[in-house]
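So the structure is just underneath, and the comments pick up after that.
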Protein chains: 2
Amino acid sequence: MIITISREFGSGGRELGKRLADELGIPCYDEQVIEMLMKNSELDGDYGAASSAREMQIAYSMTIGRRFSIPFAVMDQSVALTLTQRRIIEDLAYKGSCVIVGRCADVILEKMHPFRIFVYADKASKMERTLKRQSEKEKLTAAQIQRKMKQIDKTRAKKHELLSDIPWGRKECYDLCVNTSGKEIKTLVPAVTAYVKSWFQK
Amino acid sequence: MIITISREFGSGGRELGKRLADELGIPCYDEQVIEMLMKNSELDGDYGAASSAREMQIAYSMTIGRRFSIPFAVMDQSVALTLTQRRIIEDLAYKGSCVIVGRCADVILEKMHPFRIFVYADKASKMERTLKRQSEKEKLTAAQIQRKMKQIDKTRAKKHELLSDIPWGRKECYDLCVNTSGKEIKTLVPAVTAYVKSWFQK
(Lines give C-alpha, C1' and ligand atoms only; values in the text may rest on other atoms or scores of the structure.)
Protein backbone atom coordinates (compact mmCIF):
# COMPACT_ATOMS: atom_id res chain seq x y z
CA MET A 1 0.00 0.00 0.00
CA ILE A 2 2.04 2.92 -1.35
CA ILE A 3 0.30 6.28 -1.32
CA THR A 4 1.85 9.42 -2.80
CA ILE A 5 0.64 12.92 -2.02
CA SER A 6 1.34 15.88 -4.27
CA ARG A 7 -0.04 19.22 -3.22
CA GLU A 8 -0.28 22.94 -3.73
CA PHE A 9 1.47 25.06 -1.13
CA GLY A 10 -0.96 25.84 1.69
CA SER A 11 -3.53 23.23 0.68
CA GLY A 12 -2.86 21.09 3.76
CA GLY A 13 -1.49 18.15 1.80
CA ARG A 14 1.28 17.38 4.25
CA GLU A 15 -1.12 17.37 7.20
CA LEU A 16 -3.49 15.16 5.22
CA GLY A 17 -0.63 12.76 4.46
CA LYS A 18 0.43 12.51 8.10
CA ARG A 19 -3.10 12.01 9.36
CA LEU A 20 -3.88 9.48 6.63
CA ALA A 21 -0.75 7.50 7.52
CA ASP A 22 -1.75 7.57 11.20
CA GLU A 23 -5.21 6.27 10.35
CA LEU A 24 -3.73 3.48 8.23
CA GLY A 25 -1.02 2.69 10.79
CA ILE A 26 1.82 3.13 8.29
CA PRO A 27 4.79 5.55 8.19
CA CYS A 28 4.63 8.93 6.47
CA TYR A 29 7.74 10.26 4.73
CA ASP A 30 7.56 13.95 3.96
CA GLU A 31 10.05 16.28 2.30
CA GLN A 32 11.92 16.88 5.56
CA VAL A 33 12.49 13.17 6.09
CA ILE A 34 13.65 12.64 2.51
CA GLU A 35 15.93 15.68 2.62
CA MET A 36 17.50 14.39 5.83
CA LEU A 37 18.09 11.01 4.22
CA MET A 38 19.65 12.72 1.21
CA LYS A 39 22.01 14.71 3.43
CA ASN A 40 22.99 11.58 5.36
CA SER A 41 23.60 9.68 2.17
CA GLU A 42 25.90 12.44 0.97
CA LEU A 43 27.93 12.15 4.16
CA ASP A 44 28.02 8.35 4.01
CA GLY A 45 28.73 8.38 0.30
CA ASP A 46 26.46 5.39 -0.21
CA TYR A 47 24.40 7.08 -2.89
CA GLY A 48 27.18 9.46 -3.83
CA ALA A 49 28.82 6.88 -6.08
CA ALA A 50 25.91 7.47 -8.42
CA SER A 51 27.60 10.57 -9.76
CA SER A 52 30.10 8.65 -11.91
CA ALA A 53 29.91 9.52 -15.59
CA ARG A 54 28.38 6.20 -16.58
CA GLU A 55 25.71 6.32 -13.94
CA MET A 56 24.93 9.88 -14.83
CA GLN A 57 24.31 8.75 -18.39
CA ILE A 58 21.99 5.98 -17.27
CA ALA A 59 20.22 8.33 -14.91
CA TYR A 60 19.85 10.79 -17.71
CA SER A 61 18.01 8.37 -19.96
CA MET A 62 16.03 7.05 -17.00
CA THR A 63 14.78 10.39 -15.88
CA ILE A 64 14.97 13.33 -18.20
CA GLY A 65 15.84 11.76 -21.50
CA ARG A 66 12.82 13.33 -23.12
CA ARG A 67 13.51 16.91 -22.14
CA PHE A 68 15.94 18.40 -24.60
CA SER A 69 15.18 22.01 -23.83
CA ILE A 70 16.99 22.05 -20.48
CA PRO A 71 20.47 23.63 -20.32
CA PHE A 72 23.25 21.10 -19.69
CA ALA A 73 24.51 22.60 -16.42
CA VAL A 74 21.02 22.48 -14.88
CA MET A 75 20.53 19.02 -16.30
CA ASP A 76 23.68 17.49 -14.80
CA GLN A 77 22.95 18.83 -11.37
CA SER A 78 19.34 17.74 -11.61
CA VAL A 79 20.30 14.26 -12.73
CA ALA A 80 22.62 13.71 -9.75
CA LEU A 81 20.01 14.98 -7.32
CA THR A 82 17.25 13.12 -9.05
CA LEU A 83 19.11 9.86 -8.98
CA THR A 84 19.88 10.08 -5.25
CA GLN A 85 16.31 11.05 -4.53
CA ARG A 86 14.95 8.29 -6.71
CA ARG A 87 17.00 5.67 -4.88
CA ILE A 88 15.98 6.93 -1.47
CA ILE A 89 12.31 7.02 -2.40
CA GLU A 90 12.48 3.56 -3.98
CA ASP A 91 14.19 2.20 -0.87
CA LEU A 92 11.47 3.65 1.34
CA ALA A 93 8.72 2.20 -0.85
CA TYR A 94 10.35 -1.25 -0.96
CA LYS A 95 10.45 -1.31 2.84
CA GLY A 96 6.65 -1.57 2.91
CA SER A 97 3.39 0.34 3.00
CA CYS A 98 3.81 4.08 3.44
CA VAL A 99 2.60 7.55 2.57
CA ILE A 100 5.14 9.72 0.72
CA VAL A 101 4.49 13.47 0.54
CA GLY A 102 6.04 15.46 -2.32
CA ARG A 103 9.39 14.91 -4.08
CA CYS A 104 7.73 13.58 -7.25
CA ALA A 105 7.27 10.18 -5.61
CA ASP A 106 4.18 9.69 -7.78
CA VAL A 107 6.32 9.67 -10.94
CA ILE A 108 9.38 7.98 -9.42
CA LEU A 109 7.33 5.04 -8.14
CA GLU A 110 5.13 4.81 -11.24
CA LYS A 111 5.95 1.13 -11.82
CA MET A 112 4.88 0.19 -8.29
CA HIS A 113 1.42 1.62 -9.05
CA PRO A 114 1.10 3.85 -6.03
CA PHE A 115 -2.24 5.43 -5.21
CA ARG A 116 -1.61 9.02 -6.29
CA ILE A 117 -3.44 11.83 -4.52
CA PHE A 118 -3.31 15.52 -5.44
CA VAL A 119 -4.40 18.02 -2.80
CA TYR A 120 -5.48 21.52 -3.83
CA ALA A 121 -7.55 24.46 -2.65
CA ASP A 122 -8.64 27.94 -3.64
CA LYS A 123 -6.33 30.88 -2.96
CA ALA A 124 -8.27 32.22 0.03
CA SER A 125 -8.18 28.87 1.84
CA LYS A 126 -4.48 28.40 1.18
CA MET A 127 -3.75 31.90 2.42
CA GLU A 128 -5.78 31.37 5.60
CA ARG A 129 -4.11 28.05 6.31
CA THR A 130 -0.62 29.48 5.76
CA LEU A 131 -1.30 32.51 7.96
CA LYS A 132 -2.54 30.22 10.74
CA ARG A 133 0.43 27.89 10.72
CA GLN A 134 3.10 30.60 10.72
CA SER A 135 5.58 30.31 13.54
CA GLU A 136 6.42 33.16 15.90
CA LYS A 137 9.76 33.61 14.16
CA GLU A 138 8.37 33.77 10.66
CA LYS A 139 5.66 36.40 10.42
CA LEU A 140 5.08 37.06 6.75
CA THR A 141 2.57 39.51 5.36
CA ALA A 142 -0.24 38.35 3.09
CA ALA A 143 1.64 39.72 0.06
CA GLN A 144 4.81 37.87 1.07
CA ILE A 145 2.87 34.64 1.52
CA GLN A 146 1.26 35.08 -1.89
CA ARG A 147 4.71 35.40 -3.46
CA LYS A 148 6.05 32.40 -1.52
CA MET A 149 3.03 30.33 -2.52
CA LYS A 150 3.54 31.12 -6.21
CA GLN A 151 7.27 30.52 -6.06
CA ILE A 152 7.09 27.17 -4.26
CA ASP A 153 4.39 25.83 -6.57
CA LYS A 154 6.44 26.99 -9.55
CA THR A 155 9.48 25.09 -8.25
CA ARG A 156 7.35 21.99 -7.70
CA ALA A 157 6.01 22.25 -11.22
CA LYS A 158 9.54 22.58 -12.63
CA LYS A 159 10.84 19.57 -10.71
CA HIS A 160 7.88 17.56 -11.91
CA GLU A 161 8.56 18.65 -15.47
CA LEU A 162 12.00 16.99 -15.31
CA LEU A 163 10.35 13.61 -14.77
CA SER A 164 7.01 13.67 -16.52
CA ASP A 165 5.44 14.80 -19.76
CA ILE A 166 2.20 15.78 -18.06
CA PRO A 167 2.35 19.15 -16.28
CA TRP A 168 2.28 19.14 -12.47
CA GLY A 169 -1.17 19.42 -10.93
CA ARG A 170 -3.03 18.19 -14.01
CA LYS A 171 -5.65 15.75 -12.76
CA GLU A 172 -4.58 13.23 -15.41
CA CYS A 173 -1.47 12.45 -13.30
CA TYR A 174 -3.42 11.37 -10.23
CA ASP A 175 -5.94 8.76 -9.13
CA LEU A 176 -7.78 11.14 -6.83
CA CYS A 177 -7.81 14.94 -6.54
CA VAL A 178 -9.01 16.30 -3.22
CA ASN A 179 -10.23 19.89 -2.86
CA THR A 180 -9.62 21.16 0.68
CA SER A 181 -11.13 24.66 0.16
CA GLY A 182 -12.87 25.84 3.32
CA LYS A 183 -12.31 22.52 5.06
CA GLU A 184 -10.32 21.56 8.12
CA ILE A 185 -7.99 18.77 7.06
CA LYS A 186 -8.93 16.51 9.96
CA THR A 187 -12.58 16.50 8.83
CA LEU A 188 -11.48 15.17 5.42
CA VAL A 189 -9.27 12.40 6.78
CA PRO A 190 -12.01 9.80 7.32
CA ALA A 191 -13.23 10.30 3.74
CA VAL A 192 -9.78 9.93 2.21
CA THR A 193 -8.93 6.99 4.47
CA ALA A 194 -12.14 5.23 3.47
CA TYR A 195 -11.35 5.81 -0.20
CA VAL A 196 -7.79 4.52 0.09
CA LYS A 197 -8.82 1.42 2.06
CA SER A 198 -11.53 0.61 -0.44
CA TRP A 199 -9.11 1.16 -3.37
CA PHE A 200 -6.58 -1.32 -2.02
CA GLN A 201 -9.15 -3.88 -0.93
CA LYS A 202 -10.06 -5.19 -4.36
CA MET B 1 -27.27 15.00 0.40
CA ILE B 2 -27.00 16.42 -3.12
CA ILE B 3 -24.26 14.93 -5.27
CA THR B 4 -23.46 16.18 -8.76
CA ILE B 5 -21.44 14.23 -11.29
CA SER B 6 -19.68 15.85 -14.23
CA ARG B 7 -17.71 13.62 -16.51
CA GLU B 8 -15.75 13.16 -19.68
CA PHE B 9 -17.46 11.13 -22.40
CA GLY B 10 -16.57 7.46 -21.96
CA SER B 11 -15.17 7.84 -18.44
CA GLY B 12 -18.04 5.87 -16.88
CA GLY B 13 -19.41 8.83 -14.92
CA ARG B 14 -23.04 7.97 -15.56
CA GLU B 15 -22.56 4.39 -14.42
CA LEU B 16 -20.70 5.63 -11.35
CA GLY B 17 -23.57 8.01 -10.58
CA LYS B 18 -26.21 5.31 -10.87
CA ARG B 19 -24.26 2.82 -8.78
CA LEU B 20 -23.43 5.45 -6.16
CA ALA B 21 -27.11 6.43 -5.89
CA ASP B 22 -28.04 2.75 -5.50
CA GLU B 23 -25.49 2.33 -2.72
CA LEU B 24 -26.81 5.43 -0.94
CA GLY B 25 -30.45 4.48 -1.54
CA ILE B 26 -31.29 7.77 -3.24
CA PRO B 27 -32.54 8.56 -6.77
CA CYS B 28 -30.19 9.28 -9.68
CA TYR B 29 -31.23 11.83 -12.31
CA ASP B 30 -29.21 11.61 -15.47
CA GLU B 31 -29.40 13.61 -18.69
CA GLN B 32 -32.14 11.38 -20.12
CA VAL B 33 -34.39 11.97 -17.09
CA ILE B 34 -33.80 15.73 -17.19
CA GLU B 35 -34.36 15.91 -20.94
CA MET B 36 -37.63 14.01 -20.55
CA LEU B 37 -38.74 16.44 -17.83
CA MET B 38 -37.80 19.35 -20.07
CA LYS B 39 -39.85 17.95 -22.94
CA ASN B 40 -42.84 17.36 -20.66
CA SER B 41 -42.59 20.85 -19.24
CA GLU B 42 -42.66 22.27 -22.77
CA LEU B 43 -45.86 20.36 -23.47
CA ASP B 44 -47.43 21.39 -20.17
CA GLY B 45 -46.20 24.94 -20.51
CA ASP B 46 -45.43 25.09 -16.80
CA TYR B 47 -41.86 26.19 -17.30
CA GLY B 48 -42.56 27.62 -20.76
CA ALA B 49 -43.81 30.90 -19.29
CA ALA B 50 -40.21 31.58 -18.44
CA SER B 51 -39.61 32.72 -21.98
CA SER B 52 -41.34 36.08 -21.45
CA ALA B 53 -39.10 39.05 -22.11
CA ARG B 54 -38.87 40.05 -18.46
CA GLU B 55 -38.00 36.58 -17.27
CA MET B 56 -35.47 36.29 -20.05
CA GLN B 57 -33.79 39.42 -18.74
CA ILE B 58 -33.68 38.09 -15.21
CA ALA B 59 -32.44 34.76 -16.42
CA TYR B 60 -29.81 36.53 -18.43
CA SER B 61 -28.32 38.30 -15.44
CA MET B 62 -28.74 35.16 -13.34
CA THR B 63 -26.92 32.91 -15.69
CA ILE B 64 -24.76 34.34 -18.40
CA GLY B 65 -24.51 37.96 -17.39
CA ARG B 66 -20.77 37.79 -17.36
CA ARG B 67 -20.28 36.43 -20.82
CA PHE B 68 -20.38 39.29 -23.27
CA SER B 69 -18.63 37.49 -26.07
CA ILE B 70 -21.60 35.27 -26.96
CA PRO B 71 -23.72 36.24 -30.00
CA PHE B 72 -27.24 37.40 -29.09
CA ALA B 73 -29.13 34.70 -31.01
CA VAL B 74 -27.20 31.94 -29.25
CA MET B 75 -27.61 33.76 -25.97
CA ASP B 76 -31.40 34.09 -26.13
CA GLN B 77 -31.88 30.45 -26.97
CA SER B 78 -29.42 29.42 -24.31
CA VAL B 79 -31.10 31.58 -21.69
CA ALA B 80 -34.52 30.05 -22.31
CA LEU B 81 -33.13 26.54 -22.22
CA THR B 82 -30.93 27.30 -19.26
CA LEU B 83 -33.78 28.74 -17.25
CA THR B 84 -36.03 25.73 -17.83
CA GLN B 85 -33.19 23.38 -17.02
CA ARG B 86 -32.25 25.36 -13.93
CA ARG B 87 -35.80 25.17 -12.57
CA ILE B 88 -36.11 21.45 -13.22
CA ILE B 89 -32.78 20.71 -11.56
CA GLU B 90 -33.60 22.94 -8.59
CA ASP B 91 -36.98 21.21 -8.21
CA LEU B 92 -35.29 17.81 -8.21
CA ALA B 93 -32.74 18.91 -5.63
CA TYR B 94 -35.38 20.45 -3.35
CA LYS B 95 -37.27 17.14 -3.37
CA GLY B 96 -34.46 15.56 -1.37
CA SER B 97 -31.16 13.71 -1.51
CA CYS B 98 -30.15 12.67 -4.99
CA VAL B 99 -27.35 12.18 -7.49
CA ILE B 100 -27.55 14.39 -10.60
CA VAL B 101 -25.40 13.47 -13.59
CA GLY B 102 -24.45 16.18 -16.06
CA ARG B 103 -26.43 19.26 -17.14
CA CYS B 104 -24.21 21.65 -15.21
CA ALA B 105 -26.03 20.76 -11.98
CA ASP B 106 -22.81 21.49 -10.08
CA VAL B 107 -22.97 25.16 -11.07
CA ILE B 108 -26.78 25.49 -11.02
CA LEU B 109 -27.04 24.14 -7.46
CA GLU B 110 -23.96 26.01 -6.20
CA LYS B 111 -25.85 27.66 -3.35
CA MET B 112 -27.07 24.31 -2.04
CA HIS B 113 -23.43 23.24 -1.68
CA PRO B 114 -23.67 19.94 -3.51
CA PHE B 115 -20.81 17.48 -3.32
CA ARG B 116 -19.28 17.91 -6.78
CA ILE B 117 -17.53 14.97 -8.41
CA PHE B 118 -15.66 15.03 -11.72
CA VAL B 119 -15.03 11.69 -13.42
CA TYR B 120 -12.24 11.38 -15.99
CA ALA B 121 -9.95 8.83 -17.63
CA ASP B 122 -7.20 8.48 -20.18
CA LYS B 123 -8.10 8.21 -23.88
CA ALA B 124 -7.43 4.47 -24.15
CA SER B 125 -9.75 3.65 -21.24
CA LYS B 126 -12.51 5.89 -22.57
CA MET B 127 -12.22 4.33 -26.00
CA GLU B 128 -12.35 0.80 -24.60
CA ARG B 129 -15.38 1.59 -22.44
CA THR B 130 -17.22 3.21 -25.33
CA LEU B 131 -16.46 0.33 -27.70
CA LYS B 132 -17.76 -2.15 -25.10
CA ARG B 133 -21.04 -0.37 -24.44
CA GLN B 134 -21.98 0.14 -28.08
CA SER B 135 -25.36 -1.26 -28.99
CA GLU B 136 -25.93 -3.62 -31.92
CA LYS B 137 -27.52 -0.78 -33.89
CA GLU B 138 -24.73 1.68 -33.37
CA LYS B 139 -21.42 0.19 -34.45
CA LEU B 140 -18.97 3.06 -34.72
CA THR B 141 -15.34 2.70 -35.71
CA ALA B 142 -12.58 3.79 -33.35
CA ALA B 143 -12.05 6.94 -35.44
CA GLN B 144 -15.76 7.78 -35.29
CA ILE B 145 -15.80 7.28 -31.53
CA GLN B 146 -12.76 9.51 -31.16
CA ARG B 147 -14.57 12.27 -33.07
CA LYS B 148 -17.79 11.78 -31.04
CA MET B 149 -15.82 11.85 -27.80
CA LYS B 150 -14.16 15.13 -28.72
CA GLN B 151 -17.38 16.70 -29.94
CA ILE B 152 -19.47 15.77 -26.90
CA ASP B 153 -16.85 16.98 -24.44
CA LYS B 154 -16.56 20.20 -26.44
CA THR B 155 -20.32 20.74 -26.19
CA ARG B 156 -20.21 20.05 -22.45
CA ALA B 157 -17.39 22.53 -22.03
CA LYS B 158 -19.33 25.18 -23.97
CA LYS B 159 -22.50 24.70 -21.93
CA HIS B 160 -20.47 24.97 -18.77
CA GLU B 161 -18.86 28.14 -20.04
CA LEU B 162 -22.28 29.80 -20.19
CA LEU B 163 -22.67 29.38 -16.44
CA SER B 164 -19.22 29.52 -14.92
CA ASP B 165 -15.99 31.46 -15.17
CA ILE B 166 -13.87 28.39 -14.53
CA PRO B 167 -13.43 26.13 -17.56
CA TRP B 168 -15.20 22.77 -17.54
CA GLY B 169 -13.14 19.89 -16.16
CA ARG B 170 -10.73 22.10 -14.20
CA LYS B 171 -10.29 20.45 -10.81
CA GLU B 172 -10.92 23.79 -9.07
CA CYS B 173 -14.66 23.40 -9.86
CA TYR B 174 -15.03 20.12 -7.99
CA ASP B 175 -14.69 18.65 -4.51
CA LEU B 176 -13.36 15.35 -5.76
CA CYS B 177 -11.90 14.25 -9.09
CA VAL B 178 -11.95 10.52 -9.74
CA ASN B 179 -9.67 8.90 -12.32
CA THR B 180 -11.29 5.76 -13.76
CA SER B 181 -8.41 4.81 -16.12
CA GLY B 182 -8.07 1.06 -16.37
CA LYS B 183 -10.71 0.48 -13.69
CA GLU B 184 -14.08 -1.19 -13.80
CA ILE B 185 -16.56 1.32 -12.44
CA LYS B 186 -18.13 -1.11 -10.01
CA THR B 187 -14.78 -1.64 -8.28
CA LEU B 188 -14.58 2.11 -7.62
CA VAL B 189 -18.09 2.44 -6.21
CA PRO B 190 -17.29 1.37 -2.61
CA ALA B 191 -14.45 3.93 -2.47
CA VAL B 192 -16.56 6.79 -3.77
CA THR B 193 -19.52 5.80 -1.58
CA ALA B 194 -17.28 5.73 1.48
CA TYR B 195 -15.93 9.17 0.61
CA VAL B 196 -19.38 10.69 0.08
CA LYS B 197 -20.79 9.20 3.30
CA SER B 198 -17.85 10.44 5.28
CA TRP B 199 -18.10 13.91 3.68
CA PHE B 200 -21.75 14.35 4.66
CA GLN B 201 -21.33 12.85 8.14
CA LYS B 202 -19.55 15.76 9.73
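Each chain in the C-alpha coordinates gets a letter, A, B and so on, in the order shown; residues start at 1 in every chain, and ligands are counted from 1 in the order they appear.
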Contacts of Lys158 of chain B at 9 Å (only C-alpha atoms; same-chain gap of 5+ positions) as a ChimeraX atom specification: /B:153,167-168
Just write the chosen residues, N, CA, C and O atoms, as a CSV table (one decimal), in the first residue's frame.
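Generated file (part31.csv):
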chain,number,residue,atom,x,y,z
B,153,ASP,N,-17.5,16.3,-25.5
B,153,ASP,CA,-16.9,17.0,-24.4
B,153,ASP,C,-16.8,18.5,-24.7
B,153,ASP,O,-16.8,19.3,-23.8
B,167,PRO,N,-13.2,27.1,-16.5
B,167,PRO,CA,-13.4,26.1,-17.6
B,167,PRO,C,-13.8,24.8,-17.1
B,167,PRO,O,-13.4,24.3,-16.0
B,168,TRP,N,-14.7,24.1,-17.8
B,168,TRP,CA,-15.2,22.8,-17.5
B,168,TRP,C,-14.0,21.8,-17.3
B,168,TRP,O,-13.0,21.9,-18.1
Contact residues around segment 12-21 of chain B with only C-alpha atoms at 12 Å, ignoring same-chain residues under 4 positions, as JSON, numbers by chain: {"B": [1, 2, 3, 4, 5, 6, 7, 8, 25, 26, 27, 28, 29, 30, 31, 32, 97, 98, 99, 100, 101, 102, 103, 116, 117, 118, 119, 120, 121, 122, 125, 126, 127, 128, 129, 130, 132, 133, 177, 178, 179, 180, 181, 182, 183, 184, 185, 186, 187, 188, 189, 190, 191, 192, 193, 194, 195, 196, 197]}
All helix (DSSP H, G or I) residues (DSSP, backbone) inside segment 59-195 of chain A, as a ChimeraX atom specification: /A:59-63,72-95,105-108,110-112,123-132,142-163,171-173,185-195
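Taking only C-alpha atoms into account, chain B lies nearest to A:Cys173 out of the set A:Leu140, A:Cys173, A:Met112, A:Ala105.
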9 Å contact set for Ile108 of chain B, only C-alpha atoms, chain neighbours under 3 positions out, as a VMD selection string: chain B and resid 63 86 89 to 90 103 to 105 111 163
Taking N, CA, C and O atoms for each residue, export the selection above as a PDB file, in the first residue's frame.
ATOM      1  N   THR B  63     -27.725  34.016 -15.172  1.00  0.00           N
ATOM      2  CA  THR B  63     -26.924  32.907 -15.688  1.00  0.00           C
ATOM      3  C   THR B  63     -25.696  33.348 -16.473  1.00  0.00           C
ATOM      4  O   THR B  63     -24.576  33.036 -16.095  1.00  0.00           O
ATOM      5  N   ARG B  86     -32.563  24.940 -15.288  1.00  0.00           N
ATOM      6  CA  ARG B  86     -32.246  25.362 -13.929  1.00  0.00           C
ATOM      7  C   ARG B  86     -33.409  25.043 -12.980  1.00  0.00           C
ATOM      8  O   ARG B  86     -33.220  24.477 -11.910  1.00  0.00           O
ATOM      9  N   ILE B  89     -33.840  21.260 -12.423  1.00  0.00           N
ATOM     10  CA  ILE B  89     -32.778  20.715 -11.562  1.00  0.00           C
ATOM     11  C   ILE B  89     -32.961  21.187 -10.122  1.00  0.00           C
ATOM     12  O   ILE B  89     -32.805  20.408  -9.175  1.00  0.00           O
ATOM     13  N   GLU B  90     -33.344  22.442  -9.950  1.00  0.00           N
ATOM     14  CA  GLU B  90     -33.598  22.943  -8.586  1.00  0.00           C
ATOM     15  C   GLU B  90     -34.762  22.189  -7.945  1.00  0.00           C
ATOM     16  O   GLU B  90     -34.699  21.811  -6.779  1.00  0.00           O
ATOM     17  N   ARG B 103     -25.551  18.094 -17.060  1.00  0.00           N
ATOM     18  CA  ARG B 103     -26.428  19.262 -17.144  1.00  0.00           C
ATOM     19  C   ARG B 103     -26.013  20.415 -16.242  1.00  0.00           C
ATOM     20  O   ARG B 103     -26.847  21.180 -15.756  1.00  0.00           O
ATOM     21  N   CYS B 104     -24.759  20.528 -15.991  1.00  0.00           N
ATOM     22  CA  CYS B 104     -24.210  21.654 -15.208  1.00  0.00           C
ATOM     23  C   CYS B 104     -24.863  21.791 -13.832  1.00  0.00           C
ATOM     24  O   CYS B 104     -24.928  22.901 -13.274  1.00  0.00           O
ATOM     25  N   ALA B 105     -25.368  20.693 -13.282  1.00  0.00           N
ATOM     26  CA  ALA B 105     -26.034  20.755 -11.976  1.00  0.00           C
ATOM     27  C   ALA B 105     -25.085  21.285 -10.904  1.00  0.00           C
ATOM     28  O   ALA B 105     -25.511  21.947  -9.955  1.00  0.00           O
ATOM     29  N   LYS B 111     -25.465  27.126  -4.658  1.00  0.00           N
ATOM     30  CA  LYS B 111     -25.852  27.660  -3.346  1.00  0.00           C
ATOM     31  C   LYS B 111     -26.329  26.588  -2.378  1.00  0.00           C
ATOM     32  O   LYS B 111     -26.424  26.832  -1.182  1.00  0.00           O
ATOM     33  N   LEU B 163     -22.256  29.224 -17.841  1.00  0.00           N
ATOM     34  CA  LEU B 163     -22.666  29.378 -16.445  1.00  0.00           C
ATOM     35  C   LEU B 163     -21.528  29.691 -15.485  1.00  0.00           C
ATOM     36  O   LEU B 163     -21.764  30.135 -14.359  1.00  0.00           O
TER      37      LEU B 163
END
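With only C-alpha atoms as the atoms that count, the residue of A:Asp91, A:Asp175, A:Glu161, A:Glu23 with the shortest distance to chain B is A:Asp175.
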